[in-house]
Amino acid sequence: MLNEQQQETLLKPINISRIAKRSGGGGKSLSYLESWDVKAHLIRIFGFGGWSWQVISADLAYEEKTEKNWSVGYKVIGRLWISELYCEYTEAAVGSAQLPQRGEAHDMAIKTAESDALKRAAINLGDQFGLSLYNNGSTQAVVRVTLDQGQVQKISSDEVSADENSWTNCPTNDSEGAGIWIESMKAALSSDEPIVELLIIKKSMATEDVMDNVYQGVTLAKWLDKAVASTSKTGETA
């Protein structure tokens, strides 16, 4: 979960010095963030290992040869993962390039699409990532408060006190099949890419609607949080 400083930072309005501008259609000026700035703020707020960006697919949309240039477009779908929140944001974008060299045109089109997809995914984290700019370029915060802080505190106070690398033994009635999910989590922690495997397990658990099922007095969702936390302690990056 986010600490108080992270929460406060995300709720602040964006610093105007971070905003870039370019000409848009109809003579209008468009406000936006550079992709490097978005990445820098992801690192500042969540840490070097607290986030990751994965390109799910990059598909050629078109390729045309003109007299002087290659005109190329790509559609990229990417996923932004925030380990502390254990959440993901998936977005798509199309990027284009017109360059004399065919390979360079393809490379630039993919990079442009990937950068735009990352920026679109990041705005789900609020004003520090340019959400307010979609409100006619405004720099006034549009997310001034969230209502989940009480729930965050409640979860924190109810956490199991045992070491996060162990699986405690609390005498209680387990939900049917809960042990199978626990074994899957253990196997994921022993894999080469535990975060990826745990993410797959999360999706399966959500599909099966078993997040609130109980194993040894703790919900499966909570066990999943413990598993993710243990990867960060052993140096795994998400």
# chains A, B, ... in the order shown; residues from 1 in each chain; ligands from 1

$ residues_around --residues "range 75-86 of chain A" --least-positions-apart "3" --cutoff "9 Å" --atoms "only C-alpha atoms" --output "ChimeraX atom specification"
/A:1-2,46,49-61,89-95,109-110,113-114,116-118,121-122,195,199,225,228-229,232,237-238

$ closest_residue --among "A:Trp181, A:Phe129, A:Tyr215, A:Trp223" --to "Trp36 in chain A" --atoms "only C-alpha atoms"
A:Phe129

$ closest_residue --among "A:Ala221, A:Leu42, A:Gln98, A:Gly179" --to "Asp209 in chain A" --atoms "only C-alpha atoms"
A:Ala221

$ closest_residue --among "A:Asn15, A:Thr9, A:Thr112, A:Ser184" --to "Ser132 in chain A" --atoms "only C-alpha atoms"
A:Asn15

$ residues_around --residues "Asn69 in chain A" --least-positions-apart "4" --cutoff "12 Å" --atoms "only C-alpha atoms" --output "MDAnalysis selection string"
chainID A and resid 63:65 97:106

$ atom_distance --atom1 "CA of Gly126 in chain A" --atom2 "CA of Val38 in chain A"
11.7 Å

$ atom_distance --atom1 "CA of Lys222 in chain A" --atom2 "CA of Leu125 in chain A"
22.8 Å

$ residues_around --residues "Ser29 in chain A" --least-positions-apart "4" --cutoff "12 Å" --atoms "only C-alpha atoms" --output "compact mmCIF listing (two decimals) with N, CA and C atoms, in the first residue's frame"
# COMPACT_ATOMS: atom_id res chain seq x y z
N ILE A 19 5.34 20.69 -17.91
CA ILE A 19 4.43 20.60 -19.05
C ILE A 19 5.10 21.08 -20.33
N ALA A 20 5.01 20.25 -21.36
CA ALA A 20 5.50 20.63 -22.69
C ALA A 20 4.30 21.01 -23.55
N LYS A 21 4.57 21.74 -24.63
CA LYS A 21 3.48 22.19 -25.52
C LYS A 21 3.87 21.97 -26.97
N ARG A 22 2.86 21.72 -27.78
CA ARG A 22 3.06 21.62 -29.22
C ARG A 22 1.80 22.13 -29.92
N SER A 23 1.95 22.45 -31.18
CA SER A 23 0.82 22.95 -31.95
C SER A 23 -0.11 21.81 -32.32
N GLY A 24 -1.40 22.06 -32.18
CA GLY A 24 -2.39 21.06 -32.56
C GLY A 24 -3.23 21.54 -33.73
N GLY A 25 -4.28 20.82 -34.03
CA GLY A 25 -5.16 21.20 -35.13
C GLY A 25 -5.90 22.49 -34.84
N LEU A 133 -4.44 17.70 -17.48
CA LEU A 133 -4.19 18.31 -18.78
C LEU A 133 -5.28 17.97 -19.79
N ASN A 136 -8.81 20.56 -20.82
CA ASN A 136 -8.43 21.77 -21.55
C ASN A 136 -7.08 22.34 -21.13
N GLY A 137 -6.14 21.43 -20.80
CA GLY A 137 -4.80 21.85 -20.43
C GLY A 137 -4.67 22.43 -19.04

$ decode --residues "range 82-210 of chain A" --atoms "C-alpha atoms" --output "compact mmCIF listing (two decimals), in the first residue's frame"
# COMPACT_ATOMS: atom_id res chain seq x y z
CA ILE A 82 2.54 -0.82 -9.89
CA SER A 83 3.74 -3.39 -7.37
CA GLU A 84 2.82 -1.49 -4.17
CA LEU A 85 -0.77 -1.14 -5.34
CA TYR A 86 -0.74 -4.58 -6.97
CA CYS A 87 -2.60 -3.14 -9.94
CA GLU A 88 -2.11 -2.76 -13.67
CA TYR A 89 -3.22 -0.29 -16.33
CA THR A 90 -3.39 -1.35 -19.96
CA GLU A 91 -3.56 1.16 -22.81
CA ALA A 92 -3.06 1.29 -26.58
CA ALA A 93 -1.70 3.92 -28.94
CA VAL A 94 -0.79 4.31 -32.61
CA GLY A 95 2.48 5.97 -33.56
CA SER A 96 3.71 7.07 -36.97
CA ALA A 97 6.96 8.19 -38.58
CA GLN A 98 8.10 9.47 -41.97
CA LEU A 99 11.83 8.93 -42.56
CA PRO A 100 14.09 8.14 -45.53
CA GLN A 101 15.43 4.93 -43.99
CA ARG A 102 12.88 2.12 -43.78
CA GLY A 103 14.27 0.59 -40.57
CA GLU A 104 14.50 3.94 -38.81
CA ALA A 105 10.90 4.72 -39.75
CA HIS A 106 9.73 1.45 -38.21
CA ASP A 107 11.82 2.03 -35.09
CA MET A 108 10.55 5.57 -34.58
CA ALA A 109 6.91 4.61 -35.14
CA ILE A 110 7.12 1.85 -32.53
CA LYS A 111 8.86 4.14 -30.01
CA THR A 112 6.25 6.86 -30.51
CA ALA A 113 3.36 4.44 -30.04
CA GLU A 114 4.95 2.87 -26.96
CA SER A 115 5.60 6.25 -25.34
CA ASP A 116 2.03 7.39 -25.94
CA ALA A 117 0.62 4.14 -24.56
CA LEU A 118 2.74 4.50 -21.40
CA LYS A 119 1.58 8.08 -20.87
CA ARG A 120 -2.06 7.07 -21.33
CA ALA A 121 -1.65 4.27 -18.81
CA ALA A 122 0.05 6.54 -16.29
CA ILE A 123 -2.78 9.11 -16.18
CA ASN A 124 -4.75 6.50 -14.22
CA LEU A 125 -2.44 7.51 -11.35
CA GLY A 126 -3.83 11.03 -11.39
CA ASP A 127 -2.67 14.60 -11.75
CA GLN A 128 1.06 14.00 -11.27
CA PHE A 129 0.93 12.10 -14.55
CA GLY A 130 -1.05 14.64 -16.55
CA LEU A 131 -4.68 13.76 -15.86
CA SER A 132 -5.68 17.40 -15.40
CA LEU A 133 -4.19 18.31 -18.78
CA TYR A 134 -7.10 16.51 -20.42
CA ASN A 135 -9.32 19.18 -18.88
CA ASN A 136 -8.43 21.77 -21.55
CA GLY A 137 -4.80 21.85 -20.43
CA SER A 138 -5.63 22.77 -16.83
CA THR A 139 -2.95 22.48 -14.15
CA GLN A 140 -5.52 22.48 -11.32
CA ALA A 141 -5.82 19.11 -9.60
CA VAL A 142 -8.90 17.14 -10.59
CA VAL A 143 -8.29 14.43 -7.96
CA ARG A 144 -8.06 16.23 -4.63
CA VAL A 145 -8.89 13.33 -2.33
CA THR A 146 -9.52 9.59 -2.41
CA LEU A 147 -11.84 7.69 -0.10
CA ASP A 148 -9.75 4.57 0.31
CA GLN A 149 -7.39 5.77 3.04
CA GLY A 150 -9.54 4.43 5.85
CA GLN A 151 -9.65 1.05 4.18
CA VAL A 152 -5.89 1.10 3.73
CA GLN A 153 -5.41 1.73 7.44
CA LYS A 154 -7.83 -1.04 8.35
CA ILE A 155 -6.04 -3.57 6.21
CA SER A 156 -2.70 -2.52 7.63
CA SER A 157 -3.86 -3.03 11.23
CA ASP A 158 -5.26 -6.47 10.42
CA GLU A 159 -2.11 -7.79 8.76
CA VAL A 160 -0.83 -11.16 9.82
CA SER A 161 2.15 -10.68 12.13
CA ALA A 162 4.14 -13.66 10.89
CA ASP A 163 7.16 -13.24 8.63
CA GLU A 164 6.04 -12.57 5.06
CA ASN A 165 8.30 -15.29 3.70
CA SER A 166 6.51 -17.96 5.77
CA TRP A 167 3.03 -19.45 5.58
CA THR A 168 1.47 -19.38 9.05
CA ASN A 169 -0.59 -22.11 10.65
CA CYS A 170 -3.78 -20.72 12.18
CA PRO A 171 -6.42 -23.27 13.19
CA THR A 172 -9.58 -22.37 11.25
CA ASN A 173 -11.89 -23.71 8.60
CA ASP A 174 -10.40 -23.25 5.15
CA SER A 175 -12.56 -22.49 2.14
CA GLU A 176 -12.90 -25.37 -0.28
CA GLY A 177 -9.98 -25.44 -2.70
CA ALA A 178 -8.10 -22.62 -0.93
CA GLY A 179 -5.07 -24.82 -0.35
CA ILE A 180 -4.65 -25.32 -4.09
CA TRP A 181 -4.34 -21.58 -4.63
CA ILE A 182 -1.78 -21.36 -1.82
CA GLU A 183 0.31 -24.08 -3.46
CA SER A 184 0.12 -22.16 -6.74
CA MET A 185 1.46 -19.05 -5.00
CA LYS A 186 4.31 -21.03 -3.45
CA ALA A 187 5.20 -22.42 -6.85
CA ALA A 188 5.13 -18.92 -8.34
CA LEU A 189 7.56 -17.66 -5.70
CA SER A 190 10.00 -20.37 -6.75
CA SER A 191 9.76 -19.53 -10.47
CA ASP A 192 12.14 -17.37 -12.50
CA GLU A 193 9.52 -14.62 -12.85
CA PRO A 194 7.45 -14.68 -9.64
CA ILE A 195 5.66 -11.36 -10.25
CA VAL A 196 4.50 -12.49 -13.68
CA GLU A 197 3.29 -15.82 -12.29
CA LEU A 198 1.53 -14.13 -9.36
CA LEU A 199 -0.20 -11.75 -11.77
CA ILE A 200 -1.52 -14.72 -13.72
CA ILE A 201 -2.76 -16.26 -10.47
CA LYS A 202 -4.46 -12.97 -9.54
CA LYS A 203 -6.38 -12.92 -12.80
CA SER A 204 -7.42 -16.55 -12.37
CA MET A 205 -8.56 -15.91 -8.81
CA ALA A 206 -10.59 -12.90 -9.92
CA THR A 207 -12.21 -14.96 -12.68
CA GLU A 208 -13.06 -17.73 -10.23
CA ASP A 209 -14.28 -15.15 -7.66
CA VAL A 210 -12.21 -16.64 -4.84
